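Shown here: upload-v2.pdb, PDB, C-alpha atoms.
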ATOM      1  CA  MET A   1     -29.584   3.407  23.373
ATOM      2  CA  SER A   2     -27.442   1.858  20.648
ATOM      3  CA  LYS A   3     -23.690   2.375  20.497
ATOM      4  CA  PRO A   4     -21.058   1.821  17.831
ATOM      5  CA  TYR A   5     -19.471  -1.603  17.692
ATOM      6  CA  ALA A   6     -16.987  -3.648  15.728
ATOM      7  CA  GLU A   7     -16.287  -7.356  15.810
ATOM      8  CA  VAL A   8     -14.047 -10.159  14.661
ATOM      9  CA  ILE A   9     -15.391 -12.830  12.332
ATOM     10  CA  GLY A  10     -14.090 -16.264  11.446
ATOM     11  CA  ASP A  11     -14.792 -19.987  11.438
ATOM     12  CA  PRO A  12     -13.954 -20.962  14.163
ATOM     13  CA  ILE A  13     -13.900 -17.791  16.259
ATOM     14  CA  ALA A  14     -14.070 -18.790  19.954
ATOM     15  CA  GLN A  15     -10.264 -18.649  20.230
ATOM     16  CA  SER A  16     -10.020 -14.973  19.283
ATOM     17  CA  LYS A  17      -8.559 -12.593  21.864
ATOM     18  CA  SER A  18      -9.456  -9.506  19.837
ATOM     19  CA  PRO A  19     -12.471  -8.587  22.013
ATOM     20  CA  LEU A  20     -10.227  -8.437  25.088
ATOM     21  CA  ILE A  21      -7.850  -6.090  23.308
ATOM     22  CA  HIS A  22     -10.364  -3.695  21.788
ATOM     23  CA  ASN A  23     -12.637  -3.537  24.834
ATOM     24  CA  PHE A  24      -9.610  -2.873  27.055
ATOM     25  CA  TRP A  25      -8.740   0.101  24.867
ATOM     26  CA  LEU A  26     -12.345   1.320  24.701
ATOM     27  CA  ASP A  27     -12.586   1.272  28.510
ATOM     28  CA  ALA A  28      -9.201   2.959  28.922
ATOM     29  CA  LEU A  29     -10.204   5.796  26.597
ATOM     30  CA  GLY A  30     -13.753   6.128  27.913
ATOM     31  CA  ILE A  31     -15.230   5.527  24.452
ATOM     32  CA  ALA A  32     -18.837   4.330  24.364
ATOM     33  CA  GLY A  33     -18.471   1.342  22.084
ATOM     34  CA  ASP A  34     -18.218  -2.411  21.976
ATOM     35  CA  TYR A  35     -16.200  -5.108  20.238
ATOM     36  CA  ARG A  36     -17.496  -8.657  19.827
ATOM     37  CA  ARG A  37     -16.843 -12.089  18.345
ATOM     38  CA  PHE A  38     -19.147 -13.319  15.605
ATOM     39  CA  HIS A  39     -19.058 -16.796  14.131
ATOM     40  CA  VAL A  40     -19.462 -16.664  10.358
ATOM     41  CA  PRO A  41     -19.380 -19.981   8.471
ATOM     42  CA  VAL A  42     -17.928 -19.958   4.973
ATOM     43  CA  ASP A  43     -21.316 -20.101   3.265
ATOM     44  CA  ALA A  44     -22.684 -17.210   5.342
ATOM     45  CA  LEU A  45     -20.007 -14.586   4.617
ATOM     46  CA  ALA A  46     -21.936 -12.728   1.893
ATOM     47  CA  ASP A  47     -25.079 -12.547   4.047
ATOM     48  CA  TYR A  48     -23.039 -11.296   6.991
ATOM     49  CA  ILE A  49     -21.543  -8.417   4.992
ATOM     50  CA  ALA A  50     -24.932  -7.500   3.546
ATOM     51  CA  GLY A  51     -26.477  -7.328   7.010
ATOM     52  CA  ALA A  52     -23.578  -5.431   8.534
ATOM     53  CA  ARG A  53     -23.549  -2.916   5.691
ATOM     54  CA  ALA A  54     -27.130  -1.960   6.580
ATOM     55  CA  ASP A  55     -26.360  -1.502  10.310
ATOM     56  CA  ALA A  56     -25.440   2.118  11.059
ATOM     57  CA  ASP A  57     -23.929   1.110  14.431
ATOM     58  CA  TRP A  58     -21.523  -1.387  12.830
ATOM     59  CA  ARG A  59     -18.105   0.190  12.382
ATOM     60  CA  GLY A  60     -16.395  -2.788  10.801
ATOM     61  CA  CYS A  61     -14.772  -6.094  11.543
ATOM     62  CA  ASN A  62     -11.494  -7.900  11.723
ATOM     63  CA  VAL A  63     -11.368 -10.962   9.504
ATOM     64  CA  THR A  64      -9.638 -14.185  10.454
ATOM     65  CA  MET A  65      -9.399 -17.656   8.930
ATOM     66  CA  PRO A  66     -10.759 -18.763   6.534
ATOM     67  CA  HIS A  67     -12.246 -15.534   5.135
ATOM     68  CA  LYS A  68      -9.240 -13.305   4.382
ATOM     69  CA  GLN A  69      -9.352 -13.906   0.651
ATOM     70  CA  ALA A  70     -13.075 -14.489   0.083
ATOM     71  CA  ILE A  71     -13.906 -11.166   1.757
ATOM     72  CA  MET A  72     -12.202  -9.300  -1.099
ATOM     73  CA  ASP A  73     -15.097 -10.138  -3.416
ATOM     74  CA  LEU A  74     -17.631  -8.501  -1.091
ATOM     75  CA  VAL A  75     -16.192  -5.076  -0.211
ATOM     76  CA  ASP A  76     -14.578  -2.100  -1.940
ATOM     77  CA  ASP A  77     -10.798  -2.110  -2.341
ATOM     78  CA  PRO A  78      -9.547   1.483  -2.746
ATOM     79  CA  GLY A  79      -6.016   0.586  -1.668
ATOM     80  CA  ASP A  80      -5.683  -2.293  -4.148
ATOM     81  CA  ILE A  81      -5.155  -4.876  -1.433
ATOM     82  CA  ARG A  82      -6.111  -7.548  -3.940
ATOM     83  CA  GLY A  83      -3.284  -6.507  -6.231
ATOM     84  CA  THR A  84      -0.661  -6.196  -3.474
ATOM     85  CA  ILE A  85      -1.100  -8.425  -0.412
ATOM     86  CA  GLY A  86      -4.001 -10.408  -1.813
ATOM     87  CA  ALA A  87      -5.778 -10.831   1.527
ATOM     88  CA  MET A  88      -7.859  -8.559   3.768
ATOM     89  CA  ASN A  89      -8.049  -8.752   7.544
ATOM     90  CA  THR A  90      -9.904  -5.512   8.284
ATOM     91  CA  VAL A  91     -13.197  -4.204   6.906
ATOM     92  CA  VAL A  92     -14.389  -0.691   7.743
ATOM     93  CA  ARG A  93     -17.768   1.021   7.245
ATOM     94  CA  GLN A  94     -17.315   4.531   5.867
ATOM     95  CA  PRO A  95     -19.476   7.533   6.846
ATOM     96  CA  ASP A  96     -21.308   7.326   3.514
ATOM     97  CA  GLY A  97     -22.263   3.705   4.200
ATOM     98  CA  SER A  98     -19.759   2.143   1.836
ATOM     99  CA  VAL A  99     -17.613  -0.714   3.131
ATOM    100  CA  ILE A 100     -13.909  -0.979   2.351
ATOM    101  CA  GLY A 101     -11.309  -3.606   3.077
ATOM    102  CA  THR A 102      -7.665  -3.230   4.028
ATOM    103  CA  ASN A 103      -4.882  -5.197   5.680
ATOM    104  CA  THR A 104      -3.239  -4.415   9.009
ATOM    105  CA  ASP A 105      -1.573  -7.837   9.335
ATOM    106  CA  ALA A 106       1.543  -6.909   7.363
ATOM    107  CA  ALA A 107       2.404  -3.937   9.563
ATOM    108  CA  GLY A 108       1.435  -5.837  12.706
ATOM    109  CA  PHE A 109       3.660  -8.749  11.733
ATOM    110  CA  TYR A 110       6.660  -6.606  10.930
ATOM    111  CA  ALA A 111       6.541  -4.316  13.977
ATOM    112  CA  PRO A 112       8.555  -6.644  16.308
ATOM    113  CA  LEU A 113      11.212  -7.056  13.583
ATOM    114  CA  ALA A 114      11.489  -3.406  12.535
ATOM    115  CA  GLU A 115      14.793  -2.808  14.356
ATOM    116  CA  LEU A 116      16.480  -5.780  12.683
ATOM    117  CA  ASP A 117      18.436  -5.697   9.442
ATOM    118  CA  LEU A 118      16.877  -8.534   7.464
ATOM    119  CA  GLU A 119      18.157  -7.487   4.045
ATOM    120  CA  GLY A 120      19.524 -10.588   2.335
ATOM    121  CA  ALA A 121      18.677 -12.841   5.286
ATOM    122  CA  PRO A 122      17.356 -16.340   4.480
ATOM    123  CA  VAL A 123      13.824 -16.946   5.769
ATOM    124  CA  ALA A 124      11.446 -19.891   6.054
ATOM    125  CA  VAL A 125       7.662 -19.458   6.221
ATOM    126  CA  VAL A 126       5.221 -22.218   7.135
ATOM    127  CA  GLY A 127       1.838 -21.894   5.408
ATOM    128  CA  ALA A 128       0.486 -20.272   2.261
ATOM    129  CA  GLY A 129      -2.848 -18.756   3.313
ATOM    130  CA  GLY A 130      -4.010 -15.211   3.992
ATOM    131  CA  ALA A 131      -1.634 -14.651   6.910
ATOM    132  CA  ALA A 132       1.295 -15.904   4.826
ATOM    133  CA  ARG A 133       0.462 -13.320   2.159
ATOM    134  CA  ALA A 134       0.790 -10.503   4.700
ATOM    135  CA  VAL A 135       4.035 -11.981   6.016
ATOM    136  CA  LEU A 136       5.554 -12.353   2.547
ATOM    137  CA  PHE A 137       4.426  -8.853   1.560
ATOM    138  CA  ALA A 138       6.284  -7.420   4.564
ATOM    139  CA  LEU A 139       9.355  -9.607   4.044
ATOM    140  CA  ALA A 140       9.591  -8.619   0.391
ATOM    141  CA  ARG A 141       9.714  -4.977   1.399
ATOM    142  CA  ALA A 142      12.404  -5.792   3.956
ATOM    143  CA  LYS A 143      14.431  -7.213   1.029
ATOM    144  CA  VAL A 144      15.050 -10.553   2.699
ATOM    145  CA  GLY A 145      17.180 -13.184   1.005
ATOM    146  CA  PRO A 146      15.932 -16.533  -0.283
ATOM    147  CA  VAL A 147      12.581 -17.614   1.148
ATOM    148  CA  THR A 148      11.590 -21.221   1.684
ATOM    149  CA  ILE A 149       7.845 -21.824   2.007
ATOM    150  CA  LEU A 150       6.764 -25.057   3.668
ATOM    151  CA  ASN A 151       3.195 -25.989   2.832
ATOM    152  CA  ARG A 152       0.932 -28.940   2.153
ATOM    153  CA  SER A 153       0.506 -27.701  -1.425
ATOM    154  CA  PRO A 154       3.894 -26.735  -2.902
ATOM    155  CA  LEU A 155       2.210 -25.473  -6.080
ATOM    156  CA  LYS A 156       0.206 -22.865  -4.153
ATOM    157  CA  ALA A 157       3.345 -21.808  -2.306
ATOM    158  CA  MET A 158       5.293 -21.411  -5.556
ATOM    159  CA  GLY A 159       2.654 -19.011  -6.776
ATOM    160  CA  LEU A 160       3.185 -16.838  -3.691
ATOM    161  CA  LEU A 161       6.914 -16.544  -4.313
ATOM    162  CA  ALA A 162       6.152 -15.283  -7.803
ATOM    163  CA  THR A 163       3.415 -12.932  -6.574
ATOM    164  CA  PHE A 164       5.732 -11.127  -4.180
ATOM    165  CA  GLY A 165       8.830 -11.251  -6.363
ATOM    166  CA  LEU A 166      10.765 -13.393  -3.914
ATOM    167  CA  LYS A 167      13.515 -15.828  -4.773
ATOM    168  CA  GLY A 168      13.507 -19.170  -3.021
ATOM    169  CA  GLU A 169      11.951 -22.582  -3.068
ATOM    170  CA  VAL A 170       8.983 -24.521  -1.752
ATOM    171  CA  ALA A 171       8.819 -27.776   0.174
ATOM    172  CA  GLY A 172       6.380 -30.002   2.001
ATOM    173  CA  LEU A 173       5.751 -29.743   5.707
ATOM    174  CA  ASP A 174       7.939 -32.792   6.330
ATOM    175  CA  ALA A 175      10.987 -31.273   4.642
ATOM    176  CA  GLN A 176      14.124 -30.420   6.563
ATOM    177  CA  LEU A 177      14.462 -26.759   7.451
ATOM    178  CA  PRO A 178      17.265 -24.826   5.795
ATOM    179  CA  PRO A 179      19.633 -22.847   8.074
ATOM    180  CA  VAL A 180      17.558 -19.654   8.006
ATOM    181  CA  SER A 181      17.845 -16.512  10.088
ATOM    182  CA  LEU A 182      14.078 -16.236  10.581
ATOM    183  CA  LEU A 183      11.418 -18.948  10.786
ATOM    184  CA  VAL A 184       7.768 -17.839  10.707
ATOM    185  CA  ASN A 185       4.743 -20.058  11.319
ATOM    186  CA  SER A 186       1.826 -18.400   9.523
ATOM    187  CA  SER A 187      -0.316 -21.544   9.511
ATOM    188  CA  SER A 188      -2.914 -22.761  12.011
ATOM    189  CA  LEU A 189      -0.711 -25.731  12.954
ATOM    190  CA  GLY A 190      -0.102 -25.665  16.693
ATOM    191  CA  MET A 191      -3.295 -23.720  17.372
ATOM    192  CA  THR A 192      -5.722 -25.114  19.915
ATOM    193  CA  GLY A 193      -7.867 -27.708  18.161
ATOM    194  CA  ASN A 194      -5.408 -28.169  15.288
ATOM    195  CA  PRO A 195      -2.554 -30.627  14.719
ATOM    196  CA  PRO A 196       0.832 -29.626  16.138
ATOM    197  CA  LEU A 197       3.603 -28.159  14.023
ATOM    198  CA  ASP A 198       6.398 -30.692  14.347
ATOM    199  CA  LEU A 199       9.620 -29.266  12.956
ATOM    200  CA  ASP A 200      13.224 -30.233  13.619
ATOM    201  CA  LEU A 201      14.894 -26.941  14.524
ATOM    202  CA  SER A 202      18.425 -28.351  14.662
ATOM    203  CA  PRO A 203      19.430 -26.847  11.257
ATOM    204  CA  LEU A 204      18.803 -23.305  12.533
ATOM    205  CA  PRO A 205      21.855 -21.264  13.560
ATOM    206  CA  GLY A 206      22.145 -20.076  17.144
ATOM    207  CA  ASP A 207      21.174 -16.498  16.279
ATOM    208  CA  ALA A 208      17.969 -17.456  14.421
ATOM    209  CA  ILE A 209      14.588 -16.018  15.385
ATOM    210  CA  VAL A 210      11.462 -18.180  15.574
ATOM    211  CA  TYR A 211       8.181 -16.268  15.164
ATOM    212  CA  ASP A 212       4.868 -18.067  15.672
ATOM    213  CA  LEU A 213       1.722 -16.158  14.679
ATOM    214  CA  VAL A 214      -0.425 -18.589  16.687
ATOM    215  CA  TYR A 215      -1.575 -17.066  19.995
ATOM    216  CA  SER A 216      -3.916 -19.769  21.310
ATOM    217  CA  PRO A 217      -2.047 -21.254  23.073
ATOM    218  CA  LEU A 218       0.456 -18.480  23.516
ATOM    219  CA  ARG A 219       3.308 -20.857  24.313
ATOM    220  CA  THR A 220       3.159 -23.155  21.324
ATOM    221  CA  GLY A 221       5.162 -26.313  20.861
ATOM    222  CA  LEU A 222       7.241 -24.504  18.235
ATOM    223  CA  LEU A 223       8.187 -21.696  20.607
ATOM    224  CA  ASN A 224       8.936 -24.130  23.425
ATOM    225  CA  ALA A 225      11.245 -26.088  21.127
ATOM    226  CA  ALA A 226      12.963 -22.885  20.007
ATOM    227  CA  GLU A 227      13.515 -21.699  23.568
ATOM    228  CA  ALA A 228      14.873 -25.124  24.522
ATOM    229  CA  ARG A 229      17.557 -24.508  21.883
ATOM    230  CA  GLY A 230      18.230 -21.021  23.225
ATOM    231  CA  LEU A 231      16.803 -19.293  20.148
ATOM    232  CA  ALA A 232      15.125 -15.885  20.214
ATOM    233  CA  THR A 233      11.338 -16.059  19.842
ATOM    234  CA  VAL A 234       8.408 -13.807  18.993
ATOM    235  CA  ASP A 235       4.931 -14.936  19.993
ATOM    236  CA  GLY A 236       1.586 -14.301  18.338
ATOM    237  CA  LEU A 237       0.516 -11.549  20.721
ATOM    238  CA  ASP A 238       3.001  -9.111  19.230
ATOM    239  CA  MET A 239       1.385  -9.318  15.813
ATOM    240  CA  LEU A 240      -2.122  -9.521  17.257
ATOM    241  CA  ILE A 241      -1.730  -6.324  19.279
ATOM    242  CA  GLY A 242       0.108  -4.535  16.475
ATOM    243  CA  GLN A 243      -2.513  -5.176  13.825
ATOM    244  CA  ALA A 244      -5.324  -4.521  16.327
ATOM    245  CA  ALA A 245      -3.955  -1.055  17.118
ATOM    246  CA  LEU A 246      -4.226  -0.028  13.477
ATOM    247  CA  ALA A 247      -7.724  -1.490  13.147
ATOM    248  CA  PHE A 248      -8.922   0.135  16.389
ATOM    249  CA  GLU A 249      -8.215   3.620  15.082
ATOM    250  CA  LEU A 250     -10.052   2.835  11.850
ATOM    251  CA  PHE A 251     -13.091   1.561  13.773
ATOM    252  CA  PHE A 252     -13.328   4.084  16.594
ATOM    253  CA  GLY A 253     -11.442   7.161  15.372
ATOM    254  CA  ALA A 254      -8.792   7.247  18.105
ATOM    255  CA  PRO A 255      -5.430   5.540  18.607
ATOM    256  CA  PRO A 256      -5.080   3.065  21.501
ATOM    257  CA  PRO A 257      -3.897   4.515  24.823
ATOM    258  CA  GLU A 258      -0.143   4.787  25.264
ATOM    259  CA  GLY A 259       1.805   3.095  28.043
ATOM    260  CA  ARG A 260      -0.701   0.301  28.678
ATOM    261  CA  ASP A 261       0.829  -2.545  26.656
ATOM    262  CA  ASP A 262       2.235  -4.429  29.656
ATOM    263  CA  GLU A 263      -1.156  -4.284  31.376
ATOM    264  CA  LEU A 264      -2.894  -5.485  28.233
ATOM    265  CA  ARG A 265      -0.459  -8.332  27.673
ATOM    266  CA  ALA A 266      -0.934  -9.485  31.285
ATOM    267  CA  LEU A 267      -4.694  -9.555  30.679
ATOM    268  CA  LEU A 268      -4.277 -11.610  27.509
ATOM    269  CA  VAL A 269      -2.094 -14.277  29.110
ATOM    270  CA  ALA A 270      -4.163 -14.583  32.294
TER     271      ALA A 270
END
Rendering of file as structure tokens:
Amino acid sequence: MSKPYAEVIGDPIAQSKSPLIHNFWLDALGIAGDYRRFHVPVDALADYIAGARADADWRGCNVTMPHKQAIMDLVDDPGDIRGTIGAMNTVVRQPDGSVIGTNTDAAGFYAPLAELDLEGAPVAVVGAGGAARAVLFALARAKVGPVTILNRSPLKAMGLLATFGLKGEVAGLDAQLPPVSLLVNSSSLGMTGNPPLDLDLSPLPGDAIVYDLVYSPLRTGLLNAAEARGLATVDGLDMLIGQAALAFELFFGAPPPEGRDDELRALLVA
């Protein structure tokens, strides 16, 4: 007998921990469903969506690199994600068979920072892809101060500052960090199978926070360097679990179980 399922798609996809998270929640709630990984190369994205759209058991998918912007051309956009964040990380099949896209990354990213007063605080963001768009969207709404984007293509990064109405500057990846209150790595640098992110953290003040969205490995070189300096850190699991919780309810119609986060985190770092 078939059962509803969702999945995470990307290229590559083997590193994704999303199936562990969603299947943990499904088991905890006793929901008959499944959550899988599915490798979708860039040139196969349109065919994937067409096939999934026709599958009544498919509830949707999370979208990871490099598809977060290309997916917008293939699904409905009732929340104007294209005109706001400009990247989708969650696609959901509606009861009438239509398929819509949304973004849970922005809320997932901001959740660990929600208790902080970041208004006017200087920030640096590494990367200018789909994850960076969600980060900058959230930071703009937190009314942060000047934002420095470090990216291989400064021109692309400059466009993001304008898109989100942020004041700041752009620089290459080899530039010296400014003395910011918050440093965010939204790139794939430091991820397993990718080059490391080699930054000199000495310009950061002692009360700065270093936030790395990479979660494979969980303890990245950036976070290790930050902790060696005694800086506060946020790892990629916080955002991963936060955005997954929002997507889970969209896929399966129930919020994740309460009081199980420590158990889930232990499973993810095992």
Please return the centre and edge lengths, in Å to one decimal, of a box with edges along x, y and z that contains all listed atoms of region 67-72 of chain A, widened by 3 Å on every side, as lines of an AutoDock Vina configuration file.
center_x = -11.6
center_y = -12.4
center_z = 2.0
size_x = 10.7
size_y = 12.2
size_z = 12.2
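From CA of Ala124 (chain A) back to CA of Gly145 (chain A), the distance works out to 10.2 Å.
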Write out as a tab-separated table (two decimals) with C-alpha atoms, in the coordinates of the input each polymer residue whose atoms come within 6 Å of Val180 (chain A), counting only C-alpha atoms; drop sequence neighbours fewer than 4 positions from it.
chain	number	residue	atom	x	y	z
A	122	PRO	CA	17.36	-16.34	4.48
A	123	VAL	CA	13.82	-16.95	5.77
A	204	LEU	CA	18.80	-23.30	12.53
field: Nearby residues (all atoms listed in the file) at most 7 Å from region 213-228 of chain A, same-chain spacing under 3 positions excluded, as a list of chain:residue names
entry: A:Gln15, A:Asn185, A:Ser186, A:Ser188, A:Gly190, A:Met191, A:Thr192, A:Leu197, A:Val210, A:Leu231, A:Ala232, A:Thr233, A:Asp235, A:Gly236, A:Leu237, A:Met239
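With only C-alpha atoms as the atoms that count, the minimum distance from Thr163 (chain A) to the choices A:Gly130, A:Pro178, A:Gly206, A:Gly86 is reached by A:Gly86.
With all atoms listed in the file as the atoms that count, the minimum distance from Arg59 (chain A) to the choices A:Val92, A:Ala131, A:Ala111, A:Leu160 is reached by A:Val92.
Distance annotation: of A:Leu250, A:His67, A:Pro255, A:Leu201, the residue with the minimal separation from Arg229 (chain A) is A:Leu201; atom set is only C-alpha atoms.
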Fill in: Spatial neighbours of Lys143 (chain A), 12 Å, all atoms listed in the file, chain gap at least 4 places, as a count of residues only
17
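Ranking A:Gly83, A:Gly10, A:Pro19, A:Pro112 by their shortest atom-to-atom distance to Val63 (chain A), with all atoms listed in the file included, puts A:Gly10 first.
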Close residues, Ala87 (chain A) itself excluded, 8 Å, all atoms listed in the file, min 4 positions apart in chain, as a list in words: Lys68, Gln69, Met72, Ile81, Arg82, Asn103, Gly130, Ala131, Arg133 and Ala134 of chain A
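Candidate residues A:Leu29, A:Ala106, A:Leu199, A:Ala6 were compared for distance to Gln176 (chain A), and the nearest is A:Leu199, using all atoms listed in the file.
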With distances taken over all atoms listed in the file, the candidate from A:Val8, A:Leu177, A:Val125, A:Met65 nearest His22 (chain A) is A:Val8
Using only C-alpha atoms, which residues sit within 6 Å of Ile9 (chain A) once same-chain residues fewer than 5 positions away are excluded, as a PDB file with C-alpha atoms, in the frame of the given file?
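Contents of out16.pdb, freshly written:
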ATOM      1  CA  PHE A  38     -19.147 -13.319  15.605  1.00  0.00           C
ATOM      2  CA  HIS A  39     -19.058 -16.796  14.131  1.00  0.00           C
ATOM      3  CA  VAL A  40     -19.462 -16.664  10.358  1.00  0.00           C
ATOM      4  CA  VAL A  63     -11.368 -10.962   9.504  1.00  0.00           C
TER       5      VAL A  63
END
### Answer key for the PyMOL selection byres ((chain A and resi 270) around 12), residues as a list of chain:residue names
A:Lys17, A:Leu20, A:Pro217, A:Leu218, A:Glu263, A:Leu264, A:Arg265, A:Ala266, A:Leu267, A:Leu268, A:Val269
